Amino acid sequence: MSLPSDDIHAYLSSNGLDVIPFKGTDLAYGYRENEPIFAFIDDGGNGSMAFQKAMGMYWATAEYISKPWCLVMVTALPMIPHNRQMLDNLGTQYNIQLLETPQKNALLNIFIDQLENLTSIMHRYLEHTESNPSLSLGESMRTWKSEKPALEDTFHVEIDRGDLSIYDENGKMVPNRTTVPLTVTSGEAEIEGVLLRLVQSEPNLVFYTEHRNLPSVFRLDLKDQILTMRFEADKANIIEATSFESLVSAFKSKNEIRFSDPNSGQTVFNVRVRRNG
């Protein structure tokens, strides 16, 4: 097998995905230029070729360079154990689907399952889903930069404070420009590098993200006990969008979300949906 077959190309095209150039892959499909939804790599009979391309795409490029939302790899032979272990480790952070000596239709089924999963995660961006949800998602994404859509959820919560000394300035809790990168976790969903800073101390403590060009925005009001989670799509790629939607969905399901210091692992804020509303 060299490249996706005609039925795979027809399926992706019918769902609004275009073939787009993307360095390091044999073929890539996306809704927007340079932002692949799917990237495809085939080892071409060379057992290490696909592995080397994947390592170059993820480990040899800066974090801010766009990555595929889903990388599909096909190898003609089983990957050697050492390379397979490294790829499995990489797969804990990225969505990588590996097919070793695939059976008929196995590759098409991966694309179908992954696209259905994507549209289910991103359902809040789909306005007209009766006939083809993924087409609607593609139409939505193509307008993000011009229409600047934003999704916002506000929750009445109970907030347990952890160690807030990281925000002290000369022993006082006063508004300042110090940003503290925190990891936000709910269930298995997680976003790293959320930059909360203290923006108000009177009459109550308010923490707000130094978001600027970051699409995920968080606001914590400790007196009124309100958590606001906002996503500004025009600043985002598909990985950031799905990560945020997964976090919001997990919080709505688990009713608990944790802001923690990635260095110490200590909880800074533990937030639960308020029992009485």
# chains A, B, ... in the order shown; residues from 1 in each chain; ligands from 1
$ closest_atom_pairs --of "range 189-246 of chain A" --to "range 161-174 of chain A" --cutoff "9 Å" --atoms "only C-alpha atoms" --output "JSON lines"
{"residue": "A:Arg197", "atom": "CA", "partner": "A:Tyr167", "partner_atom": "CA", "distance": 7.7}
{"residue": "A:Leu198", "atom": "CA", "partner": "A:Tyr167", "partner_atom": "CA", "distance": 7.1}
{"residue": "A:Val199", "atom": "CA", "partner": "A:Val174", "partner_atom": "CA", "distance": 8.0}
{"residue": "A:Gln200", "atom": "CA", "partner": "A:Val174", "partner_atom": "CA", "distance": 7.2}
{"residue": "A:Ser201", "atom": "CA", "partner": "A:Val174", "partner_atom": "CA", "distance": 5.7}
{"residue": "A:Glu202", "atom": "CA", "partner": "A:Val174", "partner_atom": "CA", "distance": 8.7}
{"residue": "A:Leu205", "atom": "CA", "partner": "A:Met173", "partner_atom": "CA", "distance": 8.5}
{"residue": "A:Leu222", "atom": "CA", "partner": "A:Arg161", "partner_atom": "CA", "distance": 8.8}
$ residues_around --residues "range 229-238 of chain A" --least-positions-apart "4" --cutoff "8 Å" --atoms "only C-alpha atoms" --output "NGL selection string"
:A and (35 or 37 or 66 or 69 or 144-154 or 213-219 or 242 or 244 or 248)
$ write_last_selection --atoms "C-alpha atoms" --output "PDB file, in the first residue's frame"
ATOM      1  CA  GLU A  35      -3.477  22.760   9.491  1.00  0.00           C
ATOM      2  CA  ILE A  37      -6.721  17.126  10.231  1.00  0.00           C
ATOM      3  CA  SER A  66       1.200  22.903  13.594  1.00  0.00           C
ATOM      4  CA  TRP A  69      -4.836  16.251  14.608  1.00  0.00           C
ATOM      5  CA  TRP A 144     -12.913  31.323  12.227  1.00  0.00           C
ATOM      6  CA  LYS A 145     -10.291  33.921  11.374  1.00  0.00           C
ATOM      7  CA  SER A 146     -12.780  36.309   9.751  1.00  0.00           C
ATOM      8  CA  GLU A 147     -15.846  35.819  11.931  1.00  0.00           C
ATOM      9  CA  LYS A 148     -13.948  35.290  15.233  1.00  0.00           C
ATOM     10  CA  PRO A 149     -16.454  32.966  16.910  1.00  0.00           C
ATOM     11  CA  ALA A 150     -16.172  32.405  20.650  1.00  0.00           C
ATOM     12  CA  LEU A 151     -17.784  29.917  23.001  1.00  0.00           C
ATOM     13  CA  GLU A 152     -18.203  30.757  26.679  1.00  0.00           C
ATOM     14  CA  ASP A 153     -19.472  28.761  29.654  1.00  0.00           C
ATOM     15  CA  THR A 154     -20.082  30.186  33.128  1.00  0.00           C
ATOM     16  CA  ASN A 213      -2.928  35.174  21.457  1.00  0.00           C
ATOM     17  CA  LEU A 214      -3.947  32.057  23.361  1.00  0.00           C
ATOM     18  CA  PRO A 215      -7.449  30.819  22.546  1.00  0.00           C
ATOM     19  CA  SER A 216      -8.322  29.277  25.939  1.00  0.00           C
ATOM     20  CA  VAL A 217      -9.446  31.896  28.469  1.00  0.00           C
ATOM     21  CA  PHE A 218     -10.215  31.232  32.138  1.00  0.00           C
ATOM     22  CA  ARG A 219     -11.546  33.537  34.870  1.00  0.00           C
ATOM     23  CA  THR A 242     -10.548  19.781  20.609  1.00  0.00           C
ATOM     24  CA  PHE A 244     -10.622  22.796  25.127  1.00  0.00           C
ATOM     25  CA  VAL A 248     -15.293  21.555  29.116  1.00  0.00           C
TER      26      VAL A 248
END
$ select_by_dssp --residues "range 25-274 of chain A" --states "strand (DSSP E or B)" --output "PyMOL selection string"
chain A and resi 27-32+35-42+70-75+96-100+150-161+169+172+180-186+189-200+206-209+216-221+226-232+256-260+267-273
$ closest_residue --among "A:Tyr208, A:Leu77, A:Ser134, A:Met57" --to "Arg177 in chain A" --atoms "only C-alpha atoms"
A:Tyr208
$ select_by_dssp --residues "range 25-185 of chain A" --states "helix (DSSP H, G or I)" --output "PyMOL selection string"
chain A and resi 49-58+81-90+106-121+123-125+133-142+144-147+165-167
$ atom_distance --atom1 "CA of Thr75 in chain A" --atom2 "CA of Tyr94 in chain A"
18.5 Å
$ closest_residue --among "A:Gln114, A:Asn89, A:Gln103, A:Gln52" --to "Cys70 in chain A" --atoms "only C-alpha atoms"
A:Gln114
$ atom_distance --atom1 "CA of Val72 in chain A" --atom2 "CA of Thr185 in chain A"
27.2 Å
$ closest_residue --among "A:Leu135, A:Ile239, A:Leu115, A:Phe259" --to "Ile65 in chain A" --atoms "only C-alpha atoms"
A:Ile239
$ decode --residues "range 77-101 of chain A" --atoms "C-alpha atoms" --output "PDB file, in the first residue's frame"
ATOM      1  CA  LEU A  77       6.316  -5.005   8.422  1.00  0.00           C
ATOM      2  CA  PRO A  78       5.906  -4.955  12.197  1.00  0.00           C
ATOM      3  CA  MET A  79       7.921  -2.099  13.681  1.00  0.00           C
ATOM      4  CA  ILE A  80      11.002  -3.088  15.665  1.00  0.00           C
ATOM      5  CA  PRO A  81      10.247  -3.131  19.444  1.00  0.00           C
ATOM      6  CA  HIS A  82      12.460  -0.161  20.348  1.00  0.00           C
ATOM      7  CA  ASN A  83      10.875   2.080  17.718  1.00  0.00           C
ATOM      8  CA  ARG A  84       7.392   0.837  18.618  1.00  0.00           C
ATOM      9  CA  GLN A  85       7.954   1.745  22.281  1.00  0.00           C
ATOM     10  CA  MET A  86       9.109   5.249  21.349  1.00  0.00           C
ATOM     11  CA  LEU A  87       6.070   5.664  19.106  1.00  0.00           C
ATOM     12  CA  ASP A  88       3.751   4.423  21.863  1.00  0.00           C
ATOM     13  CA  ASN A  89       5.264   7.010  24.215  1.00  0.00           C
ATOM     14  CA  LEU A  90       4.679   9.701  21.611  1.00  0.00           C
ATOM     15  CA  GLY A  91       1.110   8.472  21.237  1.00  0.00           C
ATOM     16  CA  THR A  92       0.320   9.390  24.847  1.00  0.00           C
ATOM     17  CA  GLN A  93       0.567  13.041  23.785  1.00  0.00           C
ATOM     18  CA  TYR A  94      -0.567  12.941  20.154  1.00  0.00           C
ATOM     19  CA  ASN A  95      -3.276  11.104  18.225  1.00  0.00           C
ATOM     20  CA  ILE A  96      -1.265   8.518  16.271  1.00  0.00           C
ATOM     21  CA  GLN A  97      -2.897   5.537  14.586  1.00  0.00           C
ATOM     22  CA  LEU A  98      -0.502   2.762  13.541  1.00  0.00           C
ATOM     23  CA  LEU A  99      -1.427  -0.018  11.118  1.00  0.00           C
ATOM     24  CA  GLU A 100       1.035  -2.859  10.706  1.00  0.00           C
ATOM     25  CA  THR A 101       0.277  -4.996   7.621  1.00  0.00           C
TER      26      THR A 101
END
